[in-house]
Amino acid sequence: MKRVGYVLLSAVALLVVLTLALAQLETRSAKNLLRVLTGEDVREYFGSACEAPLAYTGCAPWFAVSSTGETDGPIRTGRVAFYDNLLADAPVLSISAPAEGELFGWSLSGGGDWNGDGFPDLVVGAPAGQGTGKSPAGKAYLYFGGADFGKSPPAMLSAGEAGDGFGEAINLKHDINGDSLADLIIGAPRSAKAGATSGRAYVWFGKRTGGPAKAPDAEIRLGTTNDLFGTAIATGDVTGDAQADLLIGAPQHNVGEKMPGSLFIFHGGKSLSLSAPSQTIHGEGTSFQDHFAWSLAIIPDINGDTIPEILAGAPRVAQGGKQLGRVYLYYGGAKLNPQPSTTFWGQAEAGAFGRQVYSLGDLNSDGKGDWAVQAESESGSRGVLHFYYGGWDKPFGHFTGENIGDRLGGSLAVLIGLDSGVPKLLTGARWNDDSGSENAGRAYILQVE
């Protein structure tokens, strides 16, 4: 009789645990989770990067999700998968890495028309295997839009420096030199050309004939020892002159006796100069390394002057001895106030709040830019995305990774133009292994409003 009672008690306990687990999942997803896309292979790392829907071939727009594979293991070759609708079971196109073991797909950036043919182009970062004991030079691959998109060989770009992380940050969104062609900016934050991990950034200006030259048109040499210059790159008009500007983060830039990090701003246009920044904004220095400007985003206007604003994440900022992380909001203008207009604190100690920041457009149609912050290590490193409406002091919602160690939110794209409804969000959790394969990765489609 005792044995029967024990079995019944165990069954009840199991039911309670399952109920609590389902309740937690429901709390996490609420009405927001629409779809899950899952990687299949061991250490595929599906969801490493995402890109918004773009009409690469001139027809229907496709959104993209990448898998980096790894440098040492059974799945060595990264790929980028393209999907044409929110319910697609299989990609309409997959681009595989030209070479193995490069972490192809670590970063994606598209939408700009580099060669002026009327089609959006795509650049794929392949920064190689940092942390594996090997030190290959990073690479980036430029795919031109058109009827043969993804079928023709890409242009391969590299600085040729071993272990430089070239391609960890890439940007192909805007024209920064005023010639009406999108420009390609690539960060190499681990470059040692000016000291260990000083960092560099390289620029290939768009041109109408031929592909990019082997050597960049400009090499931005402002990083010094340990700066990690080029960790984050953003472009957009933050001065209100209708010309895209260039923002580069150096999250360990040395200011005085600390390394709080700095944001370098280059005013775009025909008078663009990349030899010195137009303005530099420094982090607070609450700890030895705040990692200010580890992440950057330019979001639509919030304060009503029609000029976009800047977000800078600092995931190691401390308060009261606790490393909570902080995000800084700067109003755009001809000259930025070096003091932020507003700041936003993380709530979890060592949660890495601000590891990534993202522009979400205007989700609630109130005329103000909305945005998201990733806290990579929050909730047992499940990763949490916190969503903010422009003008709000606190997030209006959040989305949390499913498992310890998922680190959800390392990539995010806004899905617009795939249906007639409100914009959807696509976000990745490259470490997820719910498919039954270790670190196969997942991507989630959310509706947030």
# chains A, B, ... in the order shown; residues from 1 in each chain; ligands from 1

$ closest_atom_pairs --of "region 48-70 of chain A" --to "region 146-167 of chain A" --cutoff "9 Å" --atoms "only C-alpha atoms" --output "CSV"
residue,atom,partner,partner_atom,distance
A:Ala55,CA,A:Gly146,CA,8.9
A:Tyr56,CA,A:Gly146,CA,6.0
A:Thr57,CA,A:Gly146,CA,4.4
A:Gly58,CA,A:Gly146,CA,6.6
A:Cys59,CA,A:Ala147,CA,8.9

$ residues_around --residues "Ala188 (chain A)" --least-positions-apart "4" --cutoff "10 Å" --atoms "only C-alpha atoms" --output "compact mmCIF listing (two decimals) with C-alpha atoms, in the first residue's frame"
# COMPACT_ATOMS: atom_id res chain seq x y z
CA PRO A 127 35.71 35.93 -38.83
CA ALA A 137 42.58 35.81 -40.98
CA GLY A 138 38.93 36.82 -40.97
CA LYS A 139 36.96 37.17 -44.19
CA SER A 158 40.02 40.20 -46.06
CA ALA A 159 42.70 42.28 -44.38
CA GLU A 161 45.90 39.56 -40.72
CA GLY A 163 43.40 36.34 -35.79
CA ASP A 164 42.00 39.81 -36.50
CA GLY A 165 38.29 38.93 -36.21
CA PHE A 166 37.67 40.66 -39.55
CA GLY A 167 33.93 40.28 -40.22
CA GLU A 168 32.70 40.08 -36.63
CA ALA A 169 30.96 43.41 -37.31
CA ILE A 170 29.79 44.35 -40.81
CA ALA A 192 46.99 43.80 -33.56
CA THR A 197 43.43 43.69 -29.86
CA SER A 198 43.70 47.34 -30.84
CA GLY A 199 41.17 46.81 -33.63
CA ARG A 200 40.66 48.30 -37.08
CA ALA A 201 37.82 49.12 -39.43
CA TYR A 202 37.92 48.93 -43.22
CA LEU A 228 38.70 46.40 -29.56
CA PHE A 229 37.99 49.19 -32.04
CA GLY A 230 35.44 47.95 -34.59
CA THR A 231 33.43 45.72 -32.26
CA ALA A 232 30.19 47.51 -33.23

$ residues_around --residues "Trp204 (chain A)" --least-positions-apart "2" --cutoff "12 Å" --atoms "only C-alpha atoms" --output "PyMOL selection string"
chain A and resi 114-115+123+140+142+155+157-159+170-172+175-177+181-187+201-202+206-207+211-220

$ residues_around --residues "Glu257 (chain A)" --least-positions-apart "4" --cutoff "12 Å" --atoms "only C-alpha atoms" --output "VMD selection string"
chain A and resid 252 to 253 261 285 to 289

$ select_by_dssp --residues "region 337-431 of chain A" --states "strand (DSSP E)" --output "ChimeraX atom specification"
/A:342-345,353-361,370-375,384-388,397-400,411-415,424-429

$ residues_around --residues "Pro308 (chain A)" --least-positions-apart "3" --cutoff "6 Å" --atoms "only C-alpha atoms" --output "short mmCIF file (atom, residue, chain, number, x, y, z; two decimals) with N, CA and C atoms, in the first residue's frame"
data_model
loop_
_atom_site.label_atom_id
_atom_site.label_comp_id
_atom_site.auth_asym_id
_atom_site.auth_seq_id
_atom_site.Cartn_x
_atom_site.Cartn_y
_atom_site.Cartn_z
N VAL A 238 22.36 60.74 -37.97
CA VAL A 238 22.16 61.16 -36.58
C VAL A 238 22.39 62.66 -36.40
N ILE A 299 17.99 54.45 -33.99
CA ILE A 299 16.55 54.21 -33.97
C ILE A 299 15.80 55.44 -34.44
N PRO A 300 14.56 55.27 -34.92
CA PRO A 300 13.78 56.43 -35.35
C PRO A 300 13.60 57.46 -34.24
N ASP A 301 13.32 58.68 -34.64
CA ASP A 301 13.20 59.83 -33.74
C ASP A 301 12.24 59.56 -32.58
N GLY A 332 19.72 62.59 -31.39
CA GLY A 332 20.50 63.03 -32.53
C GLY A 332 20.50 64.54 -32.65
#

$ residues_around --residues "Val317 (chain A)" --least-positions-apart "5" --cutoff "7 Å" --atoms "only C-alpha atoms" --output "JSON, numbers by chain"
{"A": [286, 287, 290, 323, 324, 325, 326]}

$ closest_residue --among "A:Asn226, A:Gln447, A:Asn85, A:Gln374" --to "Pro189 (chain A)" --atoms "only C-alpha atoms"
A:Asn226

$ residues_around --residues "Gly390 (chain A)" --least-positions-apart "3" --cutoff "6 Å" --atoms "only C-alpha atoms" --output "list in words"
Ile302, Lys368, Gly369 and Asp370 of chain A

$ write_last_selection --atoms "all heavy atoms" --output "PDB file, in the first residue's frame"
ATOM      1  N   ILE A 302      12.648  60.003 -31.408  1.00  0.00           N
ATOM      2  CA  ILE A 302      11.808  59.883 -30.216  1.00  0.00           C
ATOM      3  C   ILE A 302      11.354  61.242 -29.700  1.00  0.00           C
ATOM      4  O   ILE A 302      10.211  61.391 -29.250  1.00  0.00           O
ATOM      5  CB  ILE A 302      12.563  59.132 -29.097  1.00  0.00           C
ATOM      6  CG1 ILE A 302      12.712  57.649 -29.459  1.00  0.00           C
ATOM      7  CG2 ILE A 302      11.852  59.267 -27.750  1.00  0.00           C
ATOM      8  CD1 ILE A 302      13.484  56.848 -28.432  1.00  0.00           C
ATOM      9  N   LYS A 368       7.141  57.313 -32.645  1.00  0.00           N
ATOM     10  CA  LYS A 368       8.399  57.264 -31.903  1.00  0.00           C
ATOM     11  C   LYS A 368       9.085  55.913 -32.132  1.00  0.00           C
ATOM     12  O   LYS A 368       8.423  54.876 -32.218  1.00  0.00           O
ATOM     13  CB  LYS A 368       8.159  57.472 -30.402  1.00  0.00           C
ATOM     14  CG  LYS A 368       7.573  58.834 -30.057  1.00  0.00           C
ATOM     15  CD  LYS A 368       7.358  58.968 -28.558  1.00  0.00           C
ATOM     16  CE  LYS A 368       6.784  60.343 -28.211  1.00  0.00           C
ATOM     17  NZ  LYS A 368       6.569  60.487 -26.739  1.00  0.00           N
ATOM     18  N   GLY A 369      10.413  55.960 -32.186  1.00  0.00           N
ATOM     19  CA  GLY A 369      11.180  54.749 -32.417  1.00  0.00           C
ATOM     20  C   GLY A 369      11.144  53.799 -31.230  1.00  0.00           C
ATOM     21  O   GLY A 369      11.190  54.226 -30.077  1.00  0.00           O
ATOM     22  N   ASP A 370      11.046  52.512 -31.530  1.00  0.00           N
ATOM     23  CA  ASP A 370      11.037  51.475 -30.509  1.00  0.00           C
ATOM     24  C   ASP A 370      12.321  50.644 -30.639  1.00  0.00           C
ATOM     25  O   ASP A 370      12.980  50.651 -31.675  1.00  0.00           O
ATOM     26  CB  ASP A 370       9.802  50.588 -30.659  1.00  0.00           C
ATOM     27  CG  ASP A 370       8.514  51.406 -30.668  1.00  0.00           C
ATOM     28  OD1 ASP A 370       8.422  52.359 -29.876  1.00  0.00           O
ATOM     29  OD2 ASP A 370       7.626  51.101 -31.481  1.00  0.00           O
TER      30      ASP A 370
END

$ atom_distance --atom1 "CA of Phe292 (chain A)" --atom2 "CA of Thr343 (chain A)"
12.3 Å

$ closest_residue --among "A:Val36, A:Leu87, A:Leu425, A:Ala194" --to "Gly223 (chain A)" --atoms "only C-alpha atoms"
A:Ala194
